[in-house]
>>> print(open('input-v6.txt').read())   # compact mmCIF, C-alpha atoms
# COMPACT_ATOMS: atom_id res chain seq x y z
CA MET D 7 20.69 46.62 51.06
CA GLU D 8 18.52 44.50 48.74
CA PHE D 9 19.78 41.02 48.00
CA SER D 10 18.72 38.02 45.95
CA LEU D 11 19.19 34.32 46.56
CA VAL D 12 19.85 32.03 43.60
CA ILE D 13 19.57 28.27 44.20
CA CYS D 14 20.57 25.99 41.34
CA THR D 15 19.09 22.53 41.86
CA TYR D 16 18.97 19.15 40.17
CA MET D 17 16.80 16.21 41.27
CA ARG D 18 16.88 17.07 44.98
CA ALA D 19 13.33 18.07 45.88
CA GLN D 20 13.44 17.19 49.58
CA SER D 21 16.89 18.73 50.13
CA LEU D 22 15.67 21.92 48.47
CA LEU D 23 12.60 22.06 50.73
CA ASN D 24 14.80 21.65 53.80
CA LEU D 25 16.95 24.57 52.67
CA LEU D 26 13.97 26.79 51.86
CA ASN D 27 12.45 26.10 55.28
CA SER D 28 15.67 27.37 56.86
CA VAL D 29 15.56 30.45 54.60
CA ASN D 30 12.02 31.13 55.84
CA GLN D 31 13.32 31.25 59.42
CA GLN D 32 16.06 33.82 58.75
CA SER D 33 16.35 36.96 60.84
CA LEU D 34 16.99 38.77 57.54
CA CYS D 35 15.31 37.34 54.46
CA PRO D 36 16.20 37.72 50.75
CA ASN D 37 14.19 40.19 48.70
CA GLU D 38 13.80 37.46 46.11
CA ILE D 39 14.52 33.74 45.81
CA LEU D 40 15.19 32.31 42.36
CA ILE D 41 15.06 28.53 41.93
CA ILE D 42 16.87 27.41 38.78
CA ASP D 43 15.84 23.79 38.29
CA GLY D 44 17.69 21.53 35.86
CA SER D 45 15.82 18.37 36.90
CA ILE D 46 14.72 15.91 34.23
CA ASN D 47 11.45 15.21 36.05
CA ASP D 48 8.74 17.37 37.67
CA GLU D 49 9.25 16.31 41.29
CA THR D 50 10.88 19.59 42.39
CA GLU D 51 8.28 21.73 40.64
CA GLU D 52 5.44 19.75 42.23
CA ALA D 53 7.04 19.99 45.69
CA LEU D 54 7.25 23.78 45.39
CA LYS D 55 3.62 24.00 44.31
CA GLN D 56 2.61 22.20 47.50
CA ASN D 57 4.63 24.56 49.74
CA THR D 58 4.55 28.34 49.98
CA PHE D 59 7.75 30.37 50.20
CA LYS D 60 7.80 34.16 50.21
CA ASN D 61 9.36 36.02 47.26
CA LEU D 62 10.10 32.79 45.38
CA THR D 63 10.22 32.53 41.58
CA TYR D 64 10.72 29.16 39.89
CA PHE D 65 12.50 28.53 36.58
CA LYS D 66 12.69 25.13 34.89
CA VAL D 67 15.59 25.14 32.41
CA ASP D 68 16.00 22.91 29.39
CA GLU D 69 19.04 20.85 28.43
CA LEU D 70 20.68 23.89 26.82
CA HIS D 71 20.92 25.63 30.22
CA ARG D 72 21.35 22.54 32.43
CA GLY D 73 24.48 22.19 34.59
CA LEU D 74 25.72 24.22 37.55
CA THR D 75 27.69 26.81 35.59
CA LYS D 76 24.95 27.35 33.01
CA GLN D 77 22.24 27.50 35.66
CA ARG D 78 24.18 30.07 37.69
CA ASN D 79 24.73 32.27 34.67
CA PHE D 80 21.03 31.87 33.78
CA GLY D 81 20.00 32.82 37.31
CA ILE D 82 22.17 35.95 37.34
CA LYS D 83 20.27 37.24 34.30
CA GLN D 84 16.93 36.85 36.13
CA VAL D 85 17.91 38.88 39.22
CA LYS D 86 15.92 42.08 39.54
CA GLU D 87 17.54 45.42 38.78
CA SER D 88 17.31 46.81 42.32
CA SER D 89 19.24 43.95 43.91
CA GLU D 90 22.75 44.83 45.14
CA ILE D 91 23.96 41.41 46.32
CA ILE D 92 23.49 37.97 44.74
CA CYS D 93 23.80 34.96 47.06
CA PHE D 94 24.29 31.37 45.88
CA LEU D 95 23.58 28.31 48.02
CA ASP D 96 23.91 24.61 47.28
CA ASP D 97 20.53 22.93 47.43
CA ASP D 98 21.68 20.49 50.14
CA THR D 99 22.61 23.11 52.75
CA ILE D 100 20.66 24.26 55.82
CA LEU D 101 21.16 27.75 57.25
CA GLU D 102 21.47 28.92 60.83
CA GLN D 103 19.09 31.76 61.68
CA ASP D 104 21.43 34.73 61.21
CA PHE D 105 23.19 33.55 58.05
CA PHE D 106 22.05 36.36 55.75
CA LYS D 107 22.24 38.95 58.52
CA GLU D 108 25.94 38.13 58.94
CA ILE D 109 26.61 38.09 55.18
CA ILE D 110 25.07 41.53 54.63
CA ALA D 111 26.74 42.93 57.77
CA THR D 112 30.11 41.99 56.25
CA TYR D 113 29.45 44.18 53.22
CA ASN D 114 28.58 47.04 55.56
CA THR D 115 31.77 46.49 57.56
CA TYR D 116 33.90 46.19 54.41
CA PRO D 117 32.28 48.48 51.82
CA LYS D 118 34.87 47.52 49.18
CA ALA D 119 34.22 43.79 49.52
CA LEU D 120 33.33 42.17 46.20
CA ALA D 121 32.35 38.81 47.66
CA VAL D 122 31.57 37.24 51.03
CA GLY D 123 31.47 33.53 51.79
CA GLY D 124 29.70 31.63 54.53
CA TYR D 125 31.06 29.00 56.90
CA ILE D 126 30.15 25.29 56.99
CA THR D 127 29.95 23.94 60.56
CA ASN D 128 29.30 20.20 60.28
CA GLU D 129 32.27 18.89 58.30
CA VAL D 130 35.25 19.49 60.62
CA GLU D 131 35.64 19.32 64.41
CA TRP D 132 37.70 22.14 65.94
CA GLU D 133 38.79 22.92 69.49
CA GLU D 134 40.48 25.95 70.99
CA THR D 135 44.14 25.64 71.97
CA ASN D 136 47.05 27.60 73.39
CA LEU D 137 49.56 25.40 71.61
CA ASN D 138 51.52 26.42 68.55
CA LYS D 139 52.32 22.92 67.38
CA LEU D 140 51.05 19.40 68.09
CA LYS D 141 51.73 16.20 66.16
CA GLY D 142 48.84 15.17 63.94
CA LYS D 143 47.04 18.49 64.37
CA PHE D 144 46.61 21.57 62.20
CA ILE D 145 46.69 24.72 64.35
CA TYR D 146 45.55 28.14 63.16
CA ASP D 147 44.55 31.31 64.98
CA GLY D 148 44.16 29.64 68.39
CA TRP D 149 42.20 26.63 67.14
CA MET D 150 43.15 23.11 66.11
CA ARG D 151 41.69 20.29 64.03
CA GLU D 152 42.91 16.90 62.81
CA GLU D 153 45.54 17.20 60.10
CA PRO D 154 44.29 15.06 57.18
CA LEU D 155 46.53 12.16 56.14
CA ARG D 156 47.31 13.72 52.77
CA PHE D 157 48.76 16.82 54.45
CA ARG D 158 50.72 14.80 57.02
CA ILE D 159 52.36 12.86 54.19
CA ARG D 160 52.96 16.04 52.19
CA ASN D 161 54.56 17.70 55.20
CA TYR D 162 56.95 14.74 55.50
CA PHE D 163 58.13 15.38 51.93
CA GLY D 164 58.38 19.16 52.36
CA LEU D 165 55.28 19.79 50.24
CA GLU D 166 53.17 21.69 52.78
CA PRO D 167 51.31 24.74 51.36
CA ASP D 168 53.27 28.00 51.42
CA THR D 169 50.18 30.21 52.01
CA ASN D 170 47.44 30.57 54.62
CA PRO D 171 44.14 28.67 54.23
CA ALA D 172 41.91 29.87 51.36
CA PHE D 173 44.91 31.25 49.47
CA LEU D 174 46.40 29.33 46.54
CA PRO D 175 50.02 28.22 47.09
CA THR D 176 52.68 28.84 44.43
CA PHE D 177 52.37 25.17 43.43
CA SER D 178 48.60 24.97 44.09
CA HIS D 179 47.24 22.04 46.19
CA GLY D 180 46.32 24.43 49.00
CA ARG D 181 44.18 24.39 52.11
CA SER D 182 40.52 25.20 51.52
CA VAL D 183 38.13 27.38 53.54
CA SER D 184 37.54 24.33 55.78
CA PHE D 185 40.95 25.06 57.34
CA LEU D 186 39.68 28.38 58.72
CA PRO D 187 38.51 27.91 62.33
CA PRO D 188 35.05 28.75 63.78
CA SER D 189 36.54 31.77 65.55
CA GLY D 190 33.69 34.17 64.80
CA LYS D 191 36.12 36.33 62.84
CA ILE D 192 35.95 37.65 59.30
CA TYR D 193 38.96 36.53 57.24
CA GLN D 194 40.18 38.07 54.02
CA VAL D 195 40.71 35.28 51.48
CA GLU D 196 41.17 34.73 47.77
CA GLN D 197 38.93 31.66 47.57
CA ILE D 198 35.33 31.19 48.69
CA MET D 199 33.09 28.16 48.25
CA GLY D 200 30.62 28.62 45.41
CA GLY D 201 27.82 26.79 47.20
CA VAL D 202 27.88 29.21 50.17
CA ALA D 203 28.81 32.41 48.37
CA SER D 204 27.60 35.95 47.78
CA TYR D 205 28.79 38.62 45.36
CA ARG D 206 28.08 42.24 44.60
CA LYS D 207 25.82 42.27 41.58
CA GLU D 208 28.17 44.65 39.76
CA VAL D 209 30.78 41.86 39.69
CA PHE D 210 28.80 40.11 36.97
CA GLU D 211 28.97 43.09 34.65
CA ALA D 212 32.62 42.16 34.01
CA LEU D 213 32.82 38.47 34.96
CA SER D 214 30.77 35.31 34.54
CA PHE D 215 31.29 31.72 35.59
CA SER D 216 33.68 30.13 33.11
CA LYS D 217 32.32 27.92 30.34
CA TYR D 218 35.32 25.65 30.84
CA PHE D 219 33.61 24.30 33.97
CA GLU D 220 30.22 23.60 32.40
CA GLY D 221 28.92 20.27 33.65
CA TYR D 222 29.75 19.28 37.23
CA GLY D 223 32.14 22.22 37.51
CA LEU D 224 34.76 21.00 39.99
CA TYR D 225 36.84 24.02 41.16
CA GLU D 226 34.61 26.46 39.29
CA ASP D 227 34.28 28.49 42.49
CA THR D 228 38.07 28.62 42.87
CA ASP D 229 38.48 29.82 39.28
CA PHE D 230 35.89 32.57 39.73
CA SER D 231 37.34 33.65 43.08
CA LEU D 232 40.87 33.86 41.72
CA ARG D 233 39.76 35.99 38.78
CA LEU D 234 37.67 38.17 41.06
CA THR D 235 40.41 38.74 43.65
CA LYS D 236 42.42 40.52 40.95
CA LYS D 237 39.72 43.21 41.07
CA GLY D 238 39.09 43.53 44.81
CA ALA D 239 38.78 41.95 48.25
CA LEU D 240 36.99 38.70 49.20
CA TYR D 241 36.05 37.62 52.74
CA VAL D 242 34.73 34.65 54.70
CA ASN D 243 32.54 35.42 57.73
CA THR D 244 32.77 32.49 60.14
CA ASN D 245 29.59 33.71 61.89
CA ALA D 246 27.57 33.21 58.66
CA ARG D 247 26.98 29.60 59.57
CA LEU D 248 25.26 26.72 57.81
CA SER D 249 25.47 22.94 57.52
CA HIS D 250 26.11 20.96 54.36
CA HIS D 251 24.33 17.62 53.92
CA HIS D 252 26.03 16.08 50.89
CA HIS D 253 23.48 14.58 48.52
CA VAL D 254 24.87 11.91 46.19
CA SER D 255 22.70 12.71 43.16
CA GLY D 256 24.13 14.86 40.39
CA ARG D 257 27.74 14.04 41.20
CA PRO D 258 30.07 12.52 38.58
CA ASN D 259 31.39 8.97 38.77
CA LYS D 260 34.73 8.57 40.53
CA TYR D 261 36.73 8.13 37.32
CA LYS D 262 35.49 11.44 35.90
CA TYR D 263 35.96 13.09 39.28
CA GLY D 264 39.57 11.94 39.49
CA LYS D 265 40.28 13.19 36.00
CA MET D 266 38.76 16.58 36.83
CA VAL D 267 40.83 16.85 40.00
CA LEU D 268 43.97 16.85 37.87
CA ARG D 269 42.86 18.80 34.80
CA ASN D 270 40.71 21.39 36.61
CA GLY D 271 43.29 21.62 39.37
CA TRP D 272 45.97 22.44 36.80
CA TYR D 273 43.60 25.01 35.24
CA VAL D 274 42.98 27.01 38.43
CA TRP D 275 46.69 26.91 39.27
CA ARG D 276 47.38 28.61 35.96
CA VAL D 277 44.64 31.18 36.54
CA LYS D 278 46.59 32.42 39.57
CA TYR D 279 50.11 31.65 38.32
CA PRO D 280 50.23 31.75 34.50
CA LYS D 281 54.03 31.57 34.74
CA SER D 282 55.48 29.42 37.50
CA SER D 283 59.04 28.79 38.61
CA PHE D 284 60.72 25.50 37.77
CA MET D 285 60.55 24.45 41.44
CA SER D 286 56.81 25.22 41.61
CA ILE D 287 56.20 23.07 38.55
CA ILE D 288 58.17 20.22 40.12
CA LYS D 289 56.24 20.58 43.40
CA TRP D 290 52.87 20.65 41.61
CA ASN D 291 53.62 17.42 39.79
CA VAL D 292 55.19 15.63 42.76
CA THR D 293 52.21 16.58 44.93
CA ALA D 294 49.79 15.37 42.24
CA LEU D 295 51.69 12.06 42.09
CA LEU D 296 51.72 11.71 45.87
CA LEU D 297 47.97 12.34 46.16
CA MET D 298 47.38 9.85 43.35
CA ILE D 299 49.34 7.17 45.21
CA ILE D 300 47.35 7.91 48.39
CA THR D 301 44.14 7.45 46.37
CA PHE D 302 45.32 4.08 45.01
CA ILE D 303 46.26 2.94 48.53
CA GLY D 304 42.56 3.33 49.31
CA VAL D 305 41.96 0.23 47.17
CA PHE D 306 43.49 -1.78 50.05
CA THR D 307 42.41 0.32 53.05
CA SER D 308 39.01 1.79 52.11
CA SER D 309 35.60 0.12 52.33
CA LYS D 310 34.84 1.64 48.91
CA LYS D 311 37.65 -0.09 47.02
CA MET D 312 36.21 0.29 43.53
CA ASP D 313 35.62 4.01 44.06
CA ALA D 314 39.26 4.45 45.09
CA LEU D 315 40.44 2.45 42.07
CA ALA D 316 38.26 4.44 39.66
CA GLU D 317 39.32 7.80 41.10
CA GLY D 318 42.97 6.75 41.06
CA PHE D 319 42.82 5.81 37.38
CA GLY D 320 40.95 9.05 36.67
CA ARG D 321 43.75 11.03 38.31
CA LEU D 322 46.36 9.05 36.34
CA ILE D 323 44.67 9.61 32.99
CA GLY D 324 44.07 13.28 33.83
CA TRP D 325 47.74 13.70 34.70
CA ILE D 326 48.94 11.99 31.50
CA SER D 327 46.48 14.00 29.38
CA LEU D 328 48.13 17.24 30.53
CA ILE D 329 51.29 16.16 28.69
CA PHE D 330 49.48 16.02 25.36
CA LYS D 331 46.70 18.61 25.71
CA LYS D 332 46.57 21.22 28.42
CA PRO D 333 43.37 23.28 28.92
CA THR D 334 43.27 26.78 27.48
CA VAL D 335 43.01 29.13 30.44
CA GLU D 336 40.41 31.89 30.16
CA LYS D 337 41.85 35.36 30.70
>>> encode(input="input-v6.txt", output="structure tokens")
Amino acid sequence: MEFSLVICTYMRAQSLLNLLNSVNQQSLCPNEILIIDGSINDETEEALKQNTFKNLTYFKVDELHRGLTKQRNFGIKQVKESSEIICFLDDDTILEQDFFKEIIATYNTYPKALAVGGYITNEVEWEETNLNKLKGKFIYDGWMREEPLRFRIRNYFGLEPDTNPAFLPTFSHGRSVSFLPPSGKIYQVEQIMGGVASYRKEVFEALSFSKYFEGYGLYEDTDFSLRLTKKGALYVNTNARLSHHHHVSGRPNKYKYGKMVLRNGWYVWRVKYPKSSFMSIIKWNVTALLLMIITFIGVFTSSKKMDALAEGFGRLIGWISLIFKKPTVEK
């Protein structure tokens, strides 16, 4: 099964080299690697000229095609005809040796799979357990992790998600892929993370990444997954392992981020549930308010007080803006 790797990058030359070195050490390597560089300097291009990577093709895009969504859509168009699977990786990830082997094996195990996601190992600590419930812990499929404060508070108010991890609740605000344990299992999901994702190439004959998310693209991967799951099955293979080393460059300021959390969060909720019950609408708004209050509390408890203040105001403005102008959801 031929497969291509598309890496969209922006001003992260060293992070990209670290990723490519891990790709070089794979037990199963991509048939082609496409680097889609939106950088405003030549540092990444020069770094690639000084290092040799097999099957790599470099593209420097102009302002018209700059931004994660635009670069992904640009990269899809460059993939060679014979490729069956297109993989996407964030440029600040590092793969374990069998990452691609496990991804491709999933498609062989589930021939009708339209997408397969990988599993990030360095962001959450899990331990095996025989317990079904323990205060302060989230327990799933024989494993437990710390329950984040926002979920503990939500649980107190009866606002816990009404779906499994990686499925969108009826009032959104769900648990992400990071709430799936490192069990070695393959889980069927309806959300995969865009920075550790793969898709059958045929998917892009009918779908593309939404223009609504052009720019930083918060929740773009959720939007695409939710639209795709209407057409077929999506999976996460917890043996397709990698680490994510968050690079600060290219991320929006906290005010813009907070605003996107509300507006983009509302958008993806409506992708899955274009018509919601009155109670779901109430729960969505109460949860949004609760999470906003938790963010503002960070002004007093966090070491990054100004970041918490900016994000809190961004959430508030984003919430208010939905009253006057809601996004138009792409069908």
>>> closest_residue(input="input-v6.txt", among="D:Val122, D:Trp272, D:Thr169, D:Gly142", to="Leu234 (chain D)", atoms="all atoms listed in the file")
D:Val122
>>> residues_around(input="input-v6.txt", residues="Phe210 (chain D)", least_positions_apart="4", cutoff="8 Å", atoms="only C-alpha atoms", output="list of chain:residue names")
D:Ile82, D:Arg206, D:Ser214
>>> atom_distance(input="input-v6.txt", atom1="CA of Val209 (chain D)", atom2="CA of Asp97 (chain D)")
22.9 Å
>>> atom_distance(input="input-v6.txt", atom1="CA of Gly164 (chain D)", atom2="CA of Met150 (chain D)")
20.9 Å
>>> atom_distance(input="input-v6.txt", atom1="CA of Val202 (chain D)", atom2="CA of Cys93 (chain D)")
7.7 Å
>>> closest_atom_pairs(input="input-v6.txt", of="region 187-242 of chain D", to="region 316-337 of chain D", cutoff="12 Å", atoms="all atoms listed in the file", output="Markdown table")
| residue | atom | partner | partner_atom | distance |
| --- | --- | --- | --- | --- |
| D:Ala212 | CA | D:Lys337 | CA | 11.9 |
| D:Leu213 | CA | D:Lys337 | CA | 10.5 |
| D:Ser214 | CA | D:Glu336 | CA | 11.1 |
| D:Phe215 | CA | D:Glu336 | CA | 10.6 |
| D:Ser216 | CA | D:Glu336 | CA | 7.6 |
| D:Lys217 | CA | D:Glu336 | CA | 9.0 |
| D:Tyr218 | CA | D:Glu336 | CA | 8.1 |
| D:Phe219 | CA | D:Glu336 | CA | 10.9 |
| D:Asp229 | CA | D:Glu336 | CA | 9.5 |
| D:Phe230 | CA | D:Glu336 | CA | 10.6 |
| D:Leu232 | CA | D:Lys337 | CA | 11.2 |
| D:Arg233 | CA | D:Lys337 | CA | 8.4 |
| D:Leu234 | CA | D:Lys337 | CA | 11.5 |
| D:Lys236 | CA | D:Lys337 | CA | 11.5 |
>>> closest_residue(input="input-v6.txt", among="D:Thr228, D:Gln103, D:Asn243, D:Asn61", to="Val29 (chain D)", atoms="only C-alpha atoms")
D:Gln103
>>> residues_around(input="input-v6.txt", residues="Ser286 (chain D)", least_positions_apart="5", cutoff="9 Å", atoms="only C-alpha atoms", output="short mmCIF file (atom, residue, chain, number, x, y, z; two decimals) with C-alpha atoms, in the coordinates of the input")
data_model
loop_
_atom_site.label_atom_id
_atom_site.label_comp_id
_atom_site.auth_asym_id
_atom_site.auth_seq_id
_atom_site.Cartn_x
_atom_site.Cartn_y
_atom_site.Cartn_z
CA THR D 176 52.68 28.84 44.43
CA PHE D 177 52.37 25.17 43.43
CA SER D 178 48.60 24.97 44.09
CA ASN D 291 53.62 17.42 39.79
#
>>> closest_residue(input="input-v6.txt", among="D:Ile100, D:Ile46, D:Val67, D:Ile159", to="Asn30 (chain D)", atoms="all atoms listed in the file")
D:Ile100
>>> closest_residue(input="input-v6.txt", among="D:Ala119, D:Leu174, D:Met312, D:Leu296", to="Tyr241 (chain D)", atoms="all atoms listed in the file")
D:Ala119
>>> closest_residue(input="input-v6.txt", among="D:Leu40, D:Leu101, D:Ile192, D:Ala19", to="Asn128 (chain D)", atoms="only C-alpha atoms")
D:Leu101
>>> residues_around(input="input-v6.txt", residues="Leu23 (chain D)", least_positions_apart="2", cutoff="10 Å", atoms="only C-alpha atoms", output="list in words")
Arg18, Ala19, Gln20, Ser21, Leu25, Leu26, Asn27, Ser28, Val29, Thr50, Ala53, Leu54, Asn57, Phe59, Asp97, Asp98 and Ile100 of chain D
>>> axis_aligned_box(input="input-v6.txt", around="region 167-177 of chain D", padding_each_side="4 Å", output="JSON")
{"center_x": 47.6, "center_y": 28.0, "center_z": 49.0, "size_x": 19.4, "size_y": 14.5, "size_z": 19.2}
